[in-house]
$ cat input.csv   # CSV, C-alpha atoms and all ligand atoms
chain,number,residue,atom,x,y,z
A,155,MET,CA,-74.9,78.2,-261.6
A,156,ASN,CA,-73.1,76.3,-264.4
A,157,LEU,CA,-74.9,73.7,-266.5
A,158,VAL,CA,-73.0,70.7,-265.3
A,159,ARG,CA,-73.7,71.5,-261.6
A,160,SER,CA,-77.4,72.2,-262.2
A,161,THR,CA,-77.8,69.0,-264.3
A,162,ILE,CA,-76.2,66.9,-261.5
A,163,LEU,CA,-78.3,68.5,-258.8
A,164,ALA,CA,-81.4,67.8,-260.9
A,165,ALA,CA,-80.3,64.2,-261.2
A,166,ALA,CA,-80.1,64.1,-257.4
A,167,GLY,CA,-83.9,64.3,-257.4
A,168,SER,CA,-84.5,61.5,-260.0
A,169,ASN,CA,-85.8,58.2,-258.7
A,170,ARG,CA,-85.0,56.4,-262.0
A,171,LEU,CA,-81.4,57.5,-261.9
A,172,ARG,CA,-81.2,56.7,-258.1
A,173,ARG,CA,-82.2,53.1,-258.9
A,174,LEU,CA,-79.8,52.8,-261.8
A,175,VAL,CA,-76.8,54.2,-259.8
A,176,SER,CA,-77.7,52.2,-256.6
A,177,THR,CA,-77.6,48.9,-258.5
A,178,ALA,CA,-74.6,49.6,-260.7
A,179,PRO,CA,-71.6,47.2,-260.0
A,180,GLY,CA,-68.9,49.9,-259.4
A,181,THR,CA,-71.0,52.1,-257.1
A,182,ARG,CA,-69.8,50.7,-253.8
A,183,SER,CA,-66.2,51.8,-254.2
A,184,VAL,CA,-67.3,55.4,-255.1
A,185,VAL,CA,-69.7,55.6,-252.1
A,186,GLU,CA,-67.1,54.3,-249.7
A,187,ARG,CA,-64.8,57.2,-250.6
A,188,PHE,CA,-67.4,59.7,-249.3
A,189,VAL,CA,-69.7,57.7,-246.9
A,190,ALA,CA,-68.6,55.9,-243.7
A,191,GLY,CA,-70.6,52.7,-244.3
A,192,GLU,CA,-74.3,52.0,-243.7
A,193,SER,CA,-74.3,51.1,-239.9
A,194,CYS,CA,-73.6,53.0,-236.7
A,195,ALA,CA,-71.0,50.5,-235.8
A,196,ARG,CA,-69.0,51.2,-239.0
A,197,ALA,CA,-69.4,54.9,-238.6
A,198,VAL,CA,-68.1,54.7,-235.0
A,199,GLU,CA,-65.1,52.7,-236.3
A,200,VAL,CA,-64.3,55.5,-238.8
A,201,VAL,CA,-64.6,58.1,-236.0
A,202,ARG,CA,-62.1,56.1,-233.9
A,203,GLY,CA,-59.6,56.1,-236.8
A,204,LEU,CA,-60.0,59.9,-237.4
A,205,ALA,CA,-59.7,60.6,-233.6
A,206,ALA,CA,-56.4,58.7,-233.6
A,207,ASP,CA,-55.2,61.2,-236.2
A,208,GLY,CA,-56.2,64.1,-233.9
A,209,LEU,CA,-59.4,64.9,-235.9
A,210,ASN,CA,-62.8,65.7,-234.4
A,211,THR,CA,-65.9,64.6,-236.1
A,212,THR,CA,-69.6,65.4,-236.7
A,213,LEU,CA,-71.7,62.5,-237.8
A,214,ASP,CA,-74.7,62.7,-240.2
A,215,TYR,CA,-77.2,59.9,-240.5
A,216,LEU,CA,-78.1,60.3,-244.2
A,217,GLY,CA,-81.6,60.9,-245.2
A,218,GLU,CA,-83.7,64.0,-245.9
A,219,ASP,CA,-87.2,65.2,-246.8
A,220,THR,CA,-88.9,62.6,-244.7
A,221,THR,CA,-92.6,62.5,-245.3
A,222,ASP,CA,-93.2,59.5,-243.1
A,223,VAL,CA,-93.5,59.7,-239.2
A,224,GLU,CA,-92.0,56.2,-238.8
A,225,GLN,CA,-89.0,57.1,-240.9
A,226,ALA,CA,-88.5,60.3,-238.8
A,227,GLU,CA,-88.7,58.2,-235.6
A,228,HIS,CA,-86.2,55.7,-237.0
A,229,THR,CA,-83.8,58.6,-237.7
A,230,VAL,CA,-84.2,59.9,-234.2
A,231,ARG,CA,-83.6,56.5,-232.7
A,232,THR,CA,-80.5,56.0,-234.9
A,233,TYR,CA,-79.1,59.2,-233.5
A,234,LEU,CA,-79.8,58.2,-229.9
A,235,ASN,CA,-78.2,54.8,-230.5
A,236,LEU,CA,-75.2,56.5,-232.2
A,237,LEU,CA,-74.7,59.0,-229.3
A,238,ASP,CA,-74.8,56.0,-226.8
A,239,GLN,CA,-72.2,54.2,-228.8
A,240,LEU,CA,-69.9,57.3,-229.0
A,241,HIS,CA,-70.3,57.9,-225.3
A,242,GLY,CA,-69.6,54.2,-224.5
A,243,GLU,CA,-66.4,54.3,-226.5
A,244,GLY,CA,-65.2,57.5,-224.9
A,245,LEU,CA,-65.4,59.3,-228.2
A,246,ALA,CA,-68.2,61.7,-227.5
A,247,PRO,CA,-66.4,64.8,-226.4
A,248,HIS,CA,-64.7,65.0,-229.8
A,249,ALA,CA,-67.5,63.5,-231.9
A,250,GLU,CA,-70.8,65.4,-232.2
A,251,VAL,CA,-73.8,64.9,-234.6
A,252,SER,CA,-75.2,66.9,-237.5
A,253,VAL,CA,-78.9,66.7,-238.0
A,254,LYS,CA,-81.2,67.7,-240.9
A,255,LEU,CA,-84.5,68.9,-239.6
A,256,SER,CA,-86.2,67.6,-242.8
A,257,ALA,CA,-85.0,64.1,-241.8
A,258,ILE,CA,-86.8,64.3,-238.5
A,259,GLY,CA,-90.1,65.5,-239.7
A,260,GLN,CA,-89.9,69.2,-240.7
A,261,LYS,CA,-92.0,68.6,-243.8
A,262,LEU,CA,-94.6,66.7,-241.8
A,263,SER,CA,-95.0,69.3,-239.0
A,264,GLY,CA,-92.8,71.9,-237.6
A,265,ARG,CA,-93.6,70.8,-234.1
A,266,LEU,CA,-92.7,67.2,-234.7
A,267,SER,CA,-89.2,68.1,-235.9
A,268,VAL,CA,-88.7,70.5,-233.0
A,269,ASP,CA,-89.7,67.9,-230.5
A,270,ASN,CA,-87.4,65.4,-232.2
A,271,ALA,CA,-84.6,67.9,-232.1
A,272,TYR,CA,-85.2,68.3,-228.4
A,273,ARG,CA,-84.8,64.6,-227.9
A,274,ILE,CA,-81.5,64.5,-229.8
A,275,CYS,CA,-80.1,67.5,-228.0
A,276,ALA,CA,-81.1,66.1,-224.6
A,277,ALA,CA,-79.2,62.8,-225.4
A,278,ALA,CA,-76.2,64.7,-226.7
A,279,GLU,CA,-76.1,66.7,-223.4
A,280,GLN,CA,-76.1,63.4,-221.4
A,281,CYS,CA,-73.2,62.2,-223.5
A,282,GLY,CA,-71.3,65.4,-223.1
A,283,THR,CA,-71.4,66.5,-226.7
A,284,THR,CA,-73.1,68.8,-229.1
A,285,VAL,CA,-75.5,69.0,-232.1
A,286,THR,CA,-75.3,71.1,-235.2
A,287,PHE,CA,-78.4,71.5,-237.4
A,288,ASP,CA,-77.5,71.3,-241.1
A,289,MET,CA,-79.0,74.0,-243.4
A,290,GLU,CA,-81.0,72.8,-246.4
A,291,ASP,CA,-82.6,74.8,-249.3
A,292,HIS,CA,-83.5,78.5,-248.8
A,293,THR,CA,-87.3,77.7,-248.3
A,294,THR,CA,-86.3,76.2,-244.9
A,295,THR,CA,-83.8,78.8,-243.7
A,296,ASP,CA,-86.2,80.9,-241.5
A,297,ALA,CA,-87.8,77.8,-239.9
A,298,THR,CA,-84.4,76.2,-239.2
A,299,LEU,CA,-82.9,79.3,-237.7
A,300,ALA,CA,-86.0,79.7,-235.5
A,301,THR,CA,-85.8,76.1,-234.3
A,302,VAL,CA,-82.1,76.5,-233.4
A,303,ALA,CA,-82.8,79.7,-231.6
A,304,GLU,CA,-85.5,77.9,-229.6
A,305,LEU,CA,-83.1,75.0,-228.8
A,306,ARG,CA,-80.4,77.4,-227.8
A,307,ARG,CA,-82.5,78.7,-224.9
A,308,THR,CA,-81.9,75.3,-223.3
A,309,TRP,CA,-78.6,74.3,-225.0
A,310,PRO,CA,-76.6,77.4,-225.8
A,311,TRP,CA,-74.2,75.1,-227.8
A,312,ALA,CA,-76.8,74.1,-230.4
A,313,GLY,CA,-75.1,74.9,-233.7
A,314,ALA,CA,-76.6,76.6,-236.8
A,315,VAL,CA,-75.3,76.6,-240.3
A,316,LEU,CA,-75.1,79.6,-242.7
A,317,GLN,CA,-74.6,79.4,-246.4
A,318,SER,CA,-72.6,82.2,-248.0
A,319,TYR,CA,-74.3,81.8,-251.4
A,320,LEU,CA,-77.4,83.3,-249.8
A,321,ARG,CA,-77.7,87.1,-250.1
A,322,ARG,CA,-79.1,87.3,-246.5
A,323,THR,CA,-76.1,85.4,-244.9
A,324,GLU,CA,-73.9,88.4,-243.9
A,325,ALA,CA,-76.9,89.8,-241.9
A,326,ASP,CA,-77.6,86.4,-240.3
A,327,ALA,CA,-73.9,86.1,-239.4
A,328,LEU,CA,-74.0,89.4,-237.6
A,329,ALA,CA,-77.1,88.3,-235.7
A,330,LEU,CA,-75.6,85.0,-234.8
A,331,ALA,CA,-72.1,86.1,-234.0
A,332,GLY,CA,-72.4,85.1,-230.3
A,333,SER,CA,-73.2,81.5,-231.2
A,334,ARG,CA,-71.8,78.2,-232.5
A,335,VAL,CA,-72.1,78.7,-236.3
A,336,ARG,CA,-70.9,76.6,-239.2
A,337,LEU,CA,-70.2,78.7,-242.3
A,338,CYS,CA,-70.3,77.0,-245.6
A,339,LYS,CA,-70.8,78.1,-249.3
A,340,GLY,CA,-74.1,76.1,-249.7
A,341,ALA,CA,-74.9,73.0,-251.7
A,342,TYR,CA,-78.4,73.4,-253.2
A,343,ALA,CA,-79.7,74.8,-256.5
A,344,GLU,CA,-80.9,78.2,-255.6
A,345,PRO,CA,-82.5,81.0,-257.7
A,346,GLU,CA,-80.6,84.3,-258.2
A,347,SER,CA,-83.4,86.1,-256.4
A,348,VAL,CA,-82.0,84.7,-253.1
A,349,ALA,CA,-78.5,83.6,-254.0
A,350,PHE,CA,-75.3,85.1,-255.5
A,351,GLY,CA,-74.8,84.0,-259.1
A,352,THR,CA,-71.0,83.8,-259.3
A,353,ALA,CA,-68.4,81.9,-257.4
A,354,HIS,CA,-66.5,85.2,-256.7
A,355,GLU,CA,-69.5,86.8,-255.1
A,356,VAL,CA,-70.1,83.6,-253.0
A,357,ASP,CA,-66.4,83.8,-251.8
A,358,LEU,CA,-66.7,87.5,-251.0
A,359,SER,CA,-69.8,86.8,-249.0
A,360,TYR,CA,-68.0,84.0,-247.2
A,361,VAL,CA,-65.2,86.3,-246.1
A,362,ARG,CA,-67.6,89.1,-245.0
A,363,SER,CA,-69.7,86.6,-243.0
A,364,ALA,CA,-66.5,85.0,-241.5
A,365,ASN,CA,-65.4,88.5,-240.4
A,366,ALA,CA,-68.7,89.0,-238.7
A,367,LEU,CA,-68.5,85.7,-236.8
A,368,LEU,CA,-64.8,86.2,-235.8
A,369,ALA,CA,-65.6,89.7,-234.5
A,370,GLY,CA,-68.2,88.2,-232.2
A,371,ASP,CA,-67.7,86.1,-229.1
A,372,GLY,CA,-69.2,82.9,-230.5
A,373,TYR,CA,-67.6,79.8,-232.0
A,374,PRO,CA,-67.2,80.0,-235.8
A,375,MET,CA,-66.8,76.7,-237.6
A,376,PHE,CA,-65.4,77.2,-241.1
A,377,ALA,CA,-66.6,74.5,-243.4
A,378,THR,CA,-64.7,74.6,-246.7
A,379,HIS,CA,-62.1,72.7,-248.8
A,380,ASP,CA,-61.1,75.9,-250.6
A,381,PRO,CA,-57.4,76.4,-250.1
A,382,ARG,CA,-57.6,80.1,-250.7
A,383,LEU,CA,-60.3,80.6,-248.2
A,384,VAL,CA,-58.5,78.4,-245.6
A,385,ASP,CA,-55.5,80.7,-245.9
A,386,ILE,CA,-57.7,83.8,-245.6
A,387,LEU,CA,-59.6,82.4,-242.6
A,388,GLY,CA,-56.4,81.7,-240.8
A,389,GLU,CA,-55.2,85.2,-241.4
A,390,ARG,CA,-58.5,86.8,-240.4
A,391,ALA,CA,-58.6,84.7,-237.2
A,392,ARG,CA,-55.2,86.0,-236.2
A,393,TRP,CA,-56.2,89.6,-237.1
A,394,TYR,CA,-59.2,89.3,-234.8
A,395,GLY,CA,-56.9,88.0,-232.0
A,396,ARG,CA,-58.5,84.5,-232.1
A,397,LYS,CA,-56.5,81.8,-230.4
A,398,GLN,CA,-56.4,78.3,-232.1
A,399,GLY,CA,-59.3,76.4,-230.6
A,400,SER,CA,-61.6,79.4,-230.4
A,401,TYR,CA,-62.8,78.5,-233.9
A,402,GLU,CA,-62.4,75.4,-236.1
A,403,PHE,CA,-62.1,74.2,-239.6
A,404,GLN,CA,-64.4,71.6,-241.0
A,405,MET,CA,-64.1,69.4,-244.1
A,406,LEU,CA,-66.1,66.4,-245.5
A,407,TYR,CA,-65.0,62.8,-245.0
A,408,GLY,CA,-62.9,61.7,-248.0
A,409,ILE,CA,-62.2,65.2,-249.3
A,410,ARG,CA,-58.7,66.7,-248.9
A,411,PRO,CA,-57.8,64.2,-246.1
A,412,ASP,CA,-54.1,65.3,-246.2
A,413,GLU,CA,-55.1,68.9,-245.7
A,414,GLN,CA,-57.3,67.9,-242.7
A,415,ARG,CA,-54.2,66.3,-241.1
A,416,ARG,CA,-51.9,69.2,-242.1
A,417,LEU,CA,-54.1,71.7,-240.4
A,418,ALA,CA,-54.5,69.6,-237.3
A,419,GLY,CA,-50.7,69.1,-237.2
A,420,GLU,CA,-50.4,72.9,-237.1
A,421,GLY,CA,-52.5,73.0,-234.0
A,422,GLU,CA,-55.8,74.0,-235.6
A,423,THR,CA,-59.0,72.3,-234.4
A,424,VAL,CA,-60.3,70.3,-237.4
A,425,ARG,CA,-63.7,68.5,-237.6
A,426,VAL,CA,-64.5,66.0,-240.3
A,427,TYR,CA,-68.2,65.7,-241.3
A,428,VAL,CA,-68.8,61.9,-241.5
A,429,PRO,CA,-72.0,60.8,-243.3
A,430,PHE,CA,-73.3,57.3,-242.9
A,431,GLY,CA,-76.4,55.2,-243.6
A,432,GLU,CA,-78.2,53.6,-246.5
A,433,GLN,CA,-79.6,56.8,-248.1
A,434,TRP,CA,-76.4,58.1,-249.6
A,435,TYR,CA,-77.6,59.0,-253.1
A,436,GLY,CA,-78.6,62.7,-252.7
A,437,TYR,CA,-75.4,63.4,-250.6
A,438,LEU,CA,-73.2,61.8,-253.3
A,439,MET,CA,-74.8,63.7,-256.1
A,440,ARG,CA,-74.2,67.0,-254.3
A,441,ARG,CA,-70.5,66.1,-253.9
A,442,LEU,CA,-70.3,65.3,-257.6
A,443,ALA,CA,-72.0,68.6,-258.5
A,444,GLU,CA,-69.4,70.5,-256.5
A,445,ARG,CA,-66.5,69.0,-258.3
A,446,PRO,CA,-67.3,67.7,-261.8
A,447,ALA,CA,-63.7,66.2,-261.8
A,448,ASN,CA,-65.2,63.6,-259.5
A,449,LEU,CA,-67.7,62.7,-262.2
A,450,GLY,CA,-65.0,61.1,-264.4
A,451,PHE,CA,-63.9,59.0,-261.4
A,452,PHE,CA,-67.5,58.1,-260.7
A,453,LEU,CA,-68.4,57.1,-264.2
A,454,ARG,CA,-65.2,55.0,-264.5
A,455,ALA,CA,-66.0,53.2,-261.3
A,456,LEU,CA,-69.6,52.6,-262.5
A,457,ALA,CA,-68.4,51.2,-265.8
A,458,SER,CA,-65.9,48.9,-264.1
A,459,ARG,CA,-66.6,45.2,-263.6
A,501,LIG,P1,-65.7,74.7,-253.6
A,501,LIG,O1,-66.0,76.0,-254.3
A,501,LIG,O2,-66.6,73.5,-253.9
A,501,LIG,O3,-64.2,74.3,-254.0
A,501,LIG,C1,-63.2,75.3,-253.8
A,501,LIG,C2,-61.9,74.6,-254.0
A,501,LIG,O4,-61.7,73.6,-253.0
A,501,LIG,C3,-61.7,73.9,-255.3
A,501,LIG,O5,-61.3,74.7,-256.3
A,501,LIG,C4,-60.6,72.9,-254.9
A,501,LIG,O6,-59.3,73.6,-254.9
A,501,LIG,C5,-60.9,72.6,-253.5
A,501,LIG,N1,-61.7,71.3,-253.4
A,501,LIG,C6,-63.1,71.2,-253.4
A,501,LIG,N2,-63.4,69.9,-253.4
A,501,LIG,C7,-62.3,69.2,-253.5
A,501,LIG,C8,-62.0,67.8,-253.7
A,501,LIG,N3,-63.0,66.9,-253.7
A,501,LIG,N4,-60.7,67.4,-253.8
A,501,LIG,C9,-59.7,68.4,-253.7
A,501,LIG,N5,-60.0,69.7,-253.7
A,501,LIG,C10,-61.2,70.1,-253.6
A,501,LIG,N6,-73.9,72.7,-247.4
A,501,LIG,C11,-75.1,73.1,-247.1
A,501,LIG,O7,-75.9,73.6,-248.0
A,501,LIG,N7,-75.6,72.9,-245.8
A,501,LIG,C12,-74.9,72.3,-244.8
A,501,LIG,O8,-75.4,72.2,-243.7
A,501,LIG,C13,-73.5,72.0,-245.1
A,501,LIG,N8,-72.7,71.4,-244.2
A,501,LIG,C14,-71.4,71.2,-244.5
A,501,LIG,C15,-70.5,70.8,-243.6
A,501,LIG,C16,-69.2,70.6,-243.8
A,501,LIG,C17,-68.2,70.2,-242.8
A,501,LIG,C18,-68.7,70.9,-245.1
A,501,LIG,C19,-67.2,70.8,-245.5
A,501,LIG,C20,-69.5,71.3,-246.1
A,501,LIG,C21,-70.9,71.5,-245.8
A,501,LIG,N9,-71.8,71.8,-246.8
A,501,LIG,C22,-73.1,72.2,-246.5
A,501,LIG,C23,-71.4,71.9,-248.3
A,501,LIG,C24,-70.9,73.2,-248.7
A,501,LIG,O9,-71.9,74.1,-248.7
A,501,LIG,C25,-70.2,73.2,-250.0
A,501,LIG,O10,-71.2,72.7,-251.0
A,501,LIG,C26,-69.0,72.3,-250.1
A,501,LIG,O11,-68.3,72.3,-249.0
A,501,LIG,C27,-68.1,72.7,-251.3
A,501,LIG,O12,-67.7,74.0,-251.1
A,501,LIG,P2,-66.2,74.4,-250.8
A,501,LIG,O13,-66.2,75.5,-249.8
A,501,LIG,O14,-65.4,73.2,-250.3
A,501,LIG,O15,-65.6,75.0,-252.1

$ encode --input "input.csv" --output "structure tokens"
Amino acid sequence: MNLVRSTILAAAGSNRLRRLVSTAPGTRSVVERFVAGESCARAVEVVRGLAADGLNTTLDYLGEDTTDVEQAEHTVRTYLNLLDQLHGEGLAPHAEVSVKLSAIGQKLSGRLSVDNAYRICAAAEQCGTTVTFDMEDHTTTDATLATVAELRRTWPWAGAVLQSYLRRTEADALALAGSRVRLCKGAYAEPESVAFGTAHEVDLSYVRSANALLAGDGYPMFATHDPRLVDILGERARWYGRKQGSYEFQMLYGIRPDEQRRLAGEGETVRVYVPFGEQWYGYLMRRLAERPANLGFFLRALASR
């Protein structure tokens, strides 16, 4: 991993820096580029706008590593409220939710997060939509995949996420090829014992894992902004005889919005990952780590005013 990326990811864990960045005058404009506001109402407004452009969405209430039962409960209730609002506005079939198990109590007790995940899935079913469980750092991979497998016994649509930077992922993709699976590169600082060390190896692993998913009868969700991978994935999907709509592309809110609309205009199913909520700091730092070019934009905005 390069030095800039590892430094920014380390900063993601610093409380001192978090306070400094959160109170800096130019922060809001940077945050608004990547985060759809702090409230459910604002997030639903953003979803409505994206839906008008033919884009599906998956909403993430920001927050992770909860070590507080009340905070976990607050997160679950926010998701239930959000699902209600999406349903009420007729947006639910095209808007789902993304949930981090660590935000609903995984670090407190495995059972608590599973029970909370059941509540969110039951609400999503009532609203006619789905849930995808985000993947976090590699120490949680087994537990998260086991939870999603358990949920899938009741809700076969429960989505898992695989990260191509992990050496294990091609094997996981083969095992999960009959399911709804989001494939991404991976956003955490991982040791080389478990993760590939070069971007080239991560890309090759992405394509091998994508092949495994496309060969199965599940629903692959390709989460990447990488133009080269998007081209390759389109070609691989055709090679496997996949019709448009039997897989989808996913990108993050605020990143390559023109490309999101171009793909949708070509008939591809595109889903935008829309994060919202007060706890945007860790999320923003991971986005900056991926693209140090954004760092200049960020520092200029912070220095402004
Ligand atoms: P990168 O290697 O970051 O970028 C490749 C190329 O894409 C760049 O060279 C550039 O051409 C283009 N590009 C990238 N960013 C930009 C930009 N800002 N503007 C213009 N061009 C750009 N990670 C997890 O660990 N767990 C998850 O659950 C998870 N869920 C995700 C869900 C979605 C929908 C998406 C899109 C990502 C998710 N991620 C998740 C993050 C993911 O793992 C990567 O960290 C992130 O997507 C960056 O990887 P990339 O594939 O876009 O390629």

$ residues_around --input "input.csv" --residues "segment 271-279 of chain A" --least-positions-apart "3" --cutoff "8 Å" --atoms "only C-alpha atoms" --output "ChimeraX atom specification"
/A:230,233-234,237,250,255,258,267-268,282-285,305,309,312

$ residues_near_ligand --input "input.csv" --ligand "ligand LIG 501 (chain A)" --cutoff "9 Å" --atoms "all atoms listed in the file" --output "MDAnalysis selection string"
chainID A and resid 212 252:254 286:291 314:319 336:342 353 356:357 375:383 403:411 425:428 440:445 447:448

$ write_last_selection --input "input.csv" --atoms "C-alpha atoms" --output "short mmCIF file (atom, residue, chain, number, x, y, z; two decimals), in the frame of the given file"
data_model
loop_
_atom_site.label_atom_id
_atom_site.label_comp_id
_atom_site.auth_asym_id
_atom_site.auth_seq_id
_atom_site.Cartn_x
_atom_site.Cartn_y
_atom_site.Cartn_z
CA THR A 212 -69.60 65.40 -236.70
CA SER A 252 -75.20 66.90 -237.50
CA VAL A 253 -78.90 66.70 -238.00
CA LYS A 254 -81.20 67.70 -240.90
CA THR A 286 -75.30 71.10 -235.20
CA PHE A 287 -78.40 71.50 -237.40
CA ASP A 288 -77.50 71.30 -241.10
CA MET A 289 -79.00 74.00 -243.40
CA GLU A 290 -81.00 72.80 -246.40
CA ASP A 291 -82.60 74.80 -249.30
CA ALA A 314 -76.60 76.60 -236.80
CA VAL A 315 -75.30 76.60 -240.30
CA LEU A 316 -75.10 79.60 -242.70
CA GLN A 317 -74.60 79.40 -246.40
CA SER A 318 -72.60 82.20 -248.00
CA TYR A 319 -74.30 81.80 -251.40
CA ARG A 336 -70.90 76.60 -239.20
CA LEU A 337 -70.20 78.70 -242.30
CA CYS A 338 -70.30 77.00 -245.60
CA LYS A 339 -70.80 78.10 -249.30
CA GLY A 340 -74.10 76.10 -249.70
CA ALA A 341 -74.90 73.00 -251.70
CA TYR A 342 -78.40 73.40 -253.20
CA ALA A 353 -68.40 81.90 -257.40
CA VAL A 356 -70.10 83.60 -253.00
CA ASP A 357 -66.40 83.80 -251.80
CA MET A 375 -66.80 76.70 -237.60
CA PHE A 376 -65.40 77.20 -241.10
CA ALA A 377 -66.60 74.50 -243.40
CA THR A 378 -64.70 74.60 -246.70
CA HIS A 379 -62.10 72.70 -248.80
CA ASP A 380 -61.10 75.90 -250.60
CA PRO A 381 -57.40 76.40 -250.10
CA ARG A 382 -57.60 80.10 -250.70
CA LEU A 383 -60.30 80.60 -248.20
CA PHE A 403 -62.10 74.20 -239.60
CA GLN A 404 -64.40 71.60 -241.00
CA MET A 405 -64.10 69.40 -244.10
CA LEU A 406 -66.10 66.40 -245.50
CA TYR A 407 -65.00 62.80 -245.00
CA GLY A 408 -62.90 61.70 -248.00
CA ILE A 409 -62.20 65.20 -249.30
CA ARG A 410 -58.70 66.70 -248.90
CA PRO A 411 -57.80 64.20 -246.10
CA ARG A 425 -63.70 68.50 -237.60
CA VAL A 426 -64.50 66.00 -240.30
CA TYR A 427 -68.20 65.70 -241.30
CA VAL A 428 -68.80 61.90 -241.50
CA ARG A 440 -74.20 67.00 -254.30
CA ARG A 441 -70.50 66.10 -253.90
CA LEU A 442 -70.30 65.30 -257.60
CA ALA A 443 -72.00 68.60 -258.50
CA GLU A 444 -69.40 70.50 -256.50
CA ARG A 445 -66.50 69.00 -258.30
CA ALA A 447 -63.70 66.20 -261.80
CA ASN A 448 -65.20 63.60 -259.50
#

$ closest_residue --input "input.csv" --among "A:Ile386, A:Val223, A:Val335, A:Ala366" --to "Tyr401 of chain A" --atoms "all atoms listed in the file"
A:Val335

$ atom_distance --input "input.csv" --atom1 "atom CA of Glu389 of chain A" --atom2 "atom CA of His248 of chain A"
25.2 Å

$ atom_distance --input "input.csv" --atom1 "atom CA of Gln398 of chain A" --atom2 "atom CA of Trp311 of chain A"
18.6 Å

$ residues_around --input "input.csv" --residues "Ala195 of chain A" --least-positions-apart "3" --cutoff "12 Å" --atoms "only C-alpha atoms" --output "VMD selection string"
chain A and resid 190 to 192 198 to 202 232 235 to 240 242 to 243 430 to 431

$ atom_distance --input "input.csv" --atom1 "atom CA of Ser256 of chain A" --atom2 "atom CA of Ala164 of chain A"
18.7 Å

$ closest_residue --input "input.csv" --among "A:Met439, A:Thr352, A:Glu227, A:Val384" --to "Thr161 of chain A" --atoms "only C-alpha atoms"
A:Met439

$ residues_around --input "input.csv" --residues "Val185 of chain A" --least-positions-apart "3" --cutoff "9 Å" --atoms "only C-alpha atoms" --output "list in words"
Thr181, Arg182, Phe188, Val189, Ala190, Gly191, Trp434, Tyr435 and Leu438 of chain A

$ closest_residue --input "input.csv" --among "A:Gly313, A:Gly421, A:Pro429, A:Gly436" --to "Arg196 of chain A" --atoms "all atoms listed in the file"
A:Pro429
